[in-house]
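Visitor: This is the structure I want to talk about, given as structure tokens.
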Amino acid sequence: MQNYPVKFDAMHGFECHTDMTDVAALRDPINQCISGTAAENMGYTTEGTMDTLIVYHNFIGLDDDSETSPQTRGLSQFLKDINIQENDFVVLKMDVEGIEFSLLERMMADDTYKLIDEVRTFAK
């Protein structure tokens with residue numbers, strides 16, 4: 001939020017730990033991210049951010065896989081499922097335990113890379 005001069009309409013996240021999927025339980029950390037920062041100056045509020053944040057209890061991967069626990073969602077298919085359009089501004093931030101480059105290769109192969117405007121990864 002602090003790094004972009006726009007307010008996002010929606011923020012989607014994937015988390016395999018159930019204690020991180022309850023948006024209401026994230027109120028204090030969200031408030032800490034906003035309070036007294038550039039995000040607050042841009043009009044972000046804790047309530048408004050909580051209303052736009054959707055956290056899924058899934059792994060993210062190359063393909064959907066119902067055999068994993070929690071279930072794995074394929075990133076390219078997910079982007080199609082939520083109806084991302086090429087004119088949407090999409091920032092993809094990833095820290096997915098070493099498959100970042102495989103995901104990017106898949107997105108190049110299936111053209112879903114065209115839906116992404118910026119990629120930030122924490123790959124080592």
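Residue numbering restarts at 1 for every chain of the structure tokens, chains are lettered A, B, ... in their displayed order, and ligands are numbered from 1 as they appear.
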Determine, counting only C-alpha atoms, which protein, DNA and RNA residues have an atom within 12 Å of an atom of Val6 (chain A); residues of the same chain fewer than 3 positions away are not included. Present the result as number ranges by chain.

Guide: A: 1-3, 9-10, 38-44, 89-91

Visitor: Could you name the residues that touch Ser69 (chain A) at 9 Å or less, counting only C-alpha atoms, but leaving out those on the same chain fewer than 4 positions away, as a list in words?

Guide: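 Skipping anything fewer than 4 positions along the chain leaves Cys16, Asn58 and Phe59 of chain A.
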
Visitor: Produce a file of the selected residues containing N, CA, C and O atoms, as a tab-separated table (two decimals), in the first residue's frame.

Guide:
```tsv
chain	number	residue	atom	x	y	z
A	16	CYS	N	-1.18	-20.60	3.69
A	16	CYS	CA	-1.43	-21.99	4.07
A	16	CYS	C	-1.69	-22.13	5.57
A	16	CYS	O	-2.20	-23.14	6.01
A	58	ASN	N	-5.15	-21.57	0.79
A	58	ASN	CA	-4.66	-22.44	-0.28
A	58	ASN	C	-3.17	-22.25	-0.42
A	58	ASN	O	-2.63	-21.22	-0.04
A	59	PHE	N	-2.54	-23.27	-1.00
A	59	PHE	CA	-1.21	-23.08	-1.57
A	59	PHE	C	-1.42	-22.49	-2.95
A	59	PHE	O	-2.48	-22.61	-3.54
```

Visitor: Expressed in Å to a single decimal, how great is the separation between CA of Phe78 (chain A) and CA of Met50 (chain A)?

Guide: 20.9 Å

Visitor: Considering only C-alpha atoms, return as an MDAnalysis selection string whatever protein or nucleic-acid residues lie within 9 Å of Ile30 (chain A), sequence-local ones (same chain, fewer than 4 positions apart) excluded.

Guide: chainID A and resid 26 34:35 45:46 49:50

Visitor: Of the candidates A:Leu75, A:Phe14, A:Gln32, A:His57, which one gets nearest to Arg106 (chain A) if we count only C-alpha atoms?

Guide: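 Between A:Leu75, A:Phe14, A:Gln32, A:His57, the residue approaching Arg106 (chain A) most closely is A:Leu75.
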
Visitor: Report as a PyMOL selection string all protein, DNA and RNA residues lying within 12 Å of Ala24 (chain A), evaluated on only C-alpha atoms, omitting residues in the same chain fewer than 3 positions from it.

Guide: chain A and resi 19-21+27-31+46-55

Visitor: Let me see the file: selected residues, C-alpha atoms, as a CSV table (one decimal), in the first residue's frame.

Guide:
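Full text of selection31.csv as output:
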```
chain,number,residue,atom,x,y,z
A,19,ASP,CA,-4.4,-18.2,11.6
A,20,MET,CA,-3.4,-15.8,8.8
A,21,THR,CA,-6.6,-16.3,6.7
A,27,ARG,CA,-7.0,-5.8,12.0
A,28,ASP,CA,-4.0,-4.8,14.2
A,29,PRO,CA,-1.3,-5.7,11.7
A,30,ILE,CA,-3.2,-3.9,8.9
A,31,ASN,CA,-3.7,-0.9,11.2
A,46,THR,CA,-8.1,-0.2,8.3
A,47,GLU,CA,-11.7,-0.9,7.6
A,48,GLY,CA,-11.4,0.0,3.9
A,49,THR,CA,-8.4,-2.3,3.5
A,50,MET,CA,-10.1,-5.1,5.3
A,51,ASP,CA,-13.1,-4.8,2.9
A,52,THR,CA,-10.8,-5.2,-0.1
A,53,LEU,CA,-8.6,-8.0,1.3
A,54,ILE,CA,-9.4,-11.5,0.4
A,55,VAL,CA,-7.2,-14.2,1.9
```

Visitor: What's around Val96 (chain A) at 9 Å? Count only C-alpha atoms, leave out sequence neighbours fewer than 2 positions away in its own chain, and write the answer as a PyMOL selection string.

Guide: chain A and resi 59-61+94+98-100+121-123

Visitor: Write a file of the just-selected residues containing N, CA and C atoms, as a PDB file, in the first residue's frame.

Guide:
```
ATOM      1  N   PHE A  59      -2.536 -23.268  -1.003  1.00  0.00           N
ATOM      2  CA  PHE A  59      -1.207 -23.080  -1.568  1.00  0.00           C
ATOM      3  C   PHE A  59      -1.415 -22.486  -2.950  1.00  0.00           C
ATOM      4  N   ILE A  60      -0.392 -21.867  -3.494  1.00  0.00           N
ATOM      5  CA  ILE A  60      -0.438 -21.421  -4.888  1.00  0.00           C
ATOM      6  C   ILE A  60       0.588 -22.245  -5.638  1.00  0.00           C
ATOM      7  N   GLY A  61       0.269 -22.637  -6.857  1.00  0.00           N
ATOM      8  CA  GLY A  61       1.179 -23.491  -7.616  1.00  0.00           C
ATOM      9  C   GLY A  61       0.958 -23.361  -9.104  1.00  0.00           C
ATOM     10  N   MET A  94       5.296 -12.378  -4.720  1.00  0.00           N
ATOM     11  CA  MET A  94       5.392 -13.813  -4.451  1.00  0.00           C
ATOM     12  C   MET A  94       6.511 -14.145  -3.481  1.00  0.00           C
ATOM     13  N   GLY A  98      10.298 -21.177  -3.508  1.00  0.00           N
ATOM     14  CA  GLY A  98      11.185 -21.645  -4.566  1.00  0.00           C
ATOM     15  C   GLY A  98      10.556 -21.938  -5.912  1.00  0.00           C
ATOM     16  N   ILE A  99       9.241 -21.800  -6.055  1.00  0.00           N
ATOM     17  CA  ILE A  99       8.657 -22.074  -7.377  1.00  0.00           C
ATOM     18  C   ILE A  99       8.330 -20.789  -8.131  1.00  0.00           C
ATOM     19  N   GLU A 100       8.828 -19.659  -7.641  1.00  0.00           N
ATOM     20  CA  GLU A 100       8.544 -18.382  -8.291  1.00  0.00           C
ATOM     21  C   GLU A 100       8.884 -18.412  -9.777  1.00  0.00           C
ATOM     22  N   THR A 121       9.276 -10.477  -6.193  1.00  0.00           N
ATOM     23  CA  THR A 121       9.477 -11.810  -5.662  1.00  0.00           C
ATOM     24  C   THR A 121      10.534 -11.775  -4.570  1.00  0.00           C
ATOM     25  N   PHE A 122      10.415 -12.706  -3.672  1.00  0.00           N
ATOM     26  CA  PHE A 122      11.375 -12.821  -2.583  1.00  0.00           C
ATOM     27  C   PHE A 122      12.216 -14.064  -2.753  1.00  0.00           C
ATOM     28  N   ALA A 123      12.286 -14.572  -3.999  1.00  0.00           N
ATOM     29  CA  ALA A 123      13.052 -15.794  -4.286  1.00  0.00           C
ATOM     30  C   ALA A 123      14.528 -15.563  -3.962  1.00  0.00           C
TER      31      ALA A 123
END
```

Visitor: Between CA of Asn87 (chain A) and CA of Leu115 (chain A), measure the distance and give it in Å to one decimal.

Guide: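 Going from CA of Asn87 (chain A) over to CA of Leu115 (chain A) covers 7.8 Å.
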
Visitor: Quick check for you: according to DSSP on this backbone, which residues of region 16-123 of chain A are classed as helix (DSSP H, G or I)? Reply as JSON, numbers by chain.

Guide: {"A": [18, 19, 20, 23, 24, 25, 26, 27, 28, 29, 30, 31, 32, 33, 34, 38, 39, 40, 41, 46, 47, 48, 49, 50, 51, 52, 75, 76, 77, 78, 79, 80, 81, 100, 101, 102, 103, 104, 105, 106, 107, 108, 109, 110, 112, 113, 114, 115]}

Visitor: Just list as a ChimeraX atom specification whatever in chain A DSSP marks as strand (DSSP E).

Guide: /A:11-14,53-56,59-61,72-74,91-94,118-121

Visitor: For the residues in the current selection, export C-alpha atoms as a PDB file, in the first residue's frame.

Guide:
```pdb
ATOM      1  CA  MET A  11      -6.080  -7.465  -2.767  1.00  0.00           C
ATOM      2  CA  HIS A  12      -5.945 -11.252  -2.996  1.00  0.00           C
ATOM      3  CA  GLY A  13      -3.623 -13.344  -0.884  1.00  0.00           C
ATOM      4  CA  PHE A  14      -2.884 -17.012  -0.381  1.00  0.00           C
ATOM      5  CA  LEU A  53      -8.585  -7.964   1.275  1.00  0.00           C
ATOM      6  CA  ILE A  54      -9.442 -11.542   0.400  1.00  0.00           C
ATOM      7  CA  VAL A  55      -7.201 -14.242   1.853  1.00  0.00           C
ATOM      8  CA  TYR A  56      -7.560 -17.789   0.561  1.00  0.00           C
ATOM      9  CA  PHE A  59      -1.207 -23.080  -1.568  1.00  0.00           C
ATOM     10  CA  ILE A  60      -0.438 -21.421  -4.888  1.00  0.00           C
ATOM     11  CA  GLY A  61       1.179 -23.491  -7.616  1.00  0.00           C
ATOM     12  CA  THR A  72      -3.347 -25.865  -4.308  1.00  0.00           C
ATOM     13  CA  ARG A  73      -4.654 -23.228  -6.700  1.00  0.00           C
ATOM     14  CA  GLY A  74      -2.964 -22.792 -10.064  1.00  0.00           C
ATOM     15  CA  VAL A  91       0.991  -6.237  -8.864  1.00  0.00           C
ATOM     16  CA  LEU A  92       2.053  -9.820  -8.182  1.00  0.00           C
ATOM     17  CA  LYS A  93       4.082 -10.303  -5.006  1.00  0.00           C
ATOM     18  CA  MET A  94       5.392 -13.813  -4.451  1.00  0.00           C
ATOM     19  CA  GLU A 118       4.644  -5.672 -11.944  1.00  0.00           C
ATOM     20  CA  VAL A 119       6.218  -8.690 -10.258  1.00  0.00           C
ATOM     21  CA  ARG A 120       7.947  -8.617  -6.895  1.00  0.00           C
ATOM     22  CA  THR A 121       9.477 -11.810  -5.662  1.00  0.00           C
TER      23      THR A 121
END
```

Visitor: Between CA of Leu62 (chain A) and CA of Met108 (chain A), what is the spacing in Å?

Guide: 12.1 Å

Visitor: Quick one: residues within 9 Å of Thr112 (chain A), only C-alpha atoms, excluding same-chain residues fewer than 4 positions away - as a CSV table (one decimal) with N, CA, C and O atoms, in the first residue's frame?

Guide:
```
chain,number,residue,atom,x,y,z
A,76,SER,N,-2.1,-19.2,-12.8
A,76,SER,CA,-2.7,-18.7,-14.1
A,76,SER,C,-4.2,-18.9,-14.1
A,76,SER,O,-4.9,-18.0,-14.5
A,77,GLN,N,-4.7,-20.1,-13.7
A,77,GLN,CA,-6.1,-20.3,-13.7
A,77,GLN,C,-6.8,-19.4,-12.7
A,77,GLN,O,-7.9,-18.9,-13.0
A,79,LEU,N,-6.0,-16.3,-11.9
A,79,LEU,CA,-6.1,-15.0,-12.5
A,79,LEU,C,-7.2,-15.0,-13.5
A,79,LEU,O,-8.0,-14.0,-13.6
A,80,LYS,N,-7.4,-16.1,-14.2
A,80,LYS,CA,-8.6,-16.1,-15.2
A,80,LYS,C,-9.9,-16.2,-14.4
A,80,LYS,O,-10.9,-15.6,-14.8
A,106,ARG,N,5.5,-20.6,-16.5
A,106,ARG,CA,4.2,-21.0,-16.9
A,106,ARG,C,3.4,-19.9,-17.4
A,106,ARG,O,2.7,-20.0,-18.4
A,107,MET,N,3.5,-18.7,-16.7
A,107,MET,CA,2.7,-17.6,-17.2
A,107,MET,C,3.2,-17.1,-18.5
A,107,MET,O,2.4,-16.6,-19.3
A,108,MET,N,4.5,-17.2,-18.8
A,108,MET,CA,5.0,-16.8,-20.1
A,108,MET,C,4.4,-17.8,-21.2
A,108,MET,O,4.0,-17.4,-22.3
A,116,ILE,N,-0.2,-9.2,-15.8
A,116,ILE,CA,0.6,-8.7,-14.7
A,116,ILE,C,1.4,-7.4,-15.1
A,116,ILE,O,2.0,-7.4,-16.2
```
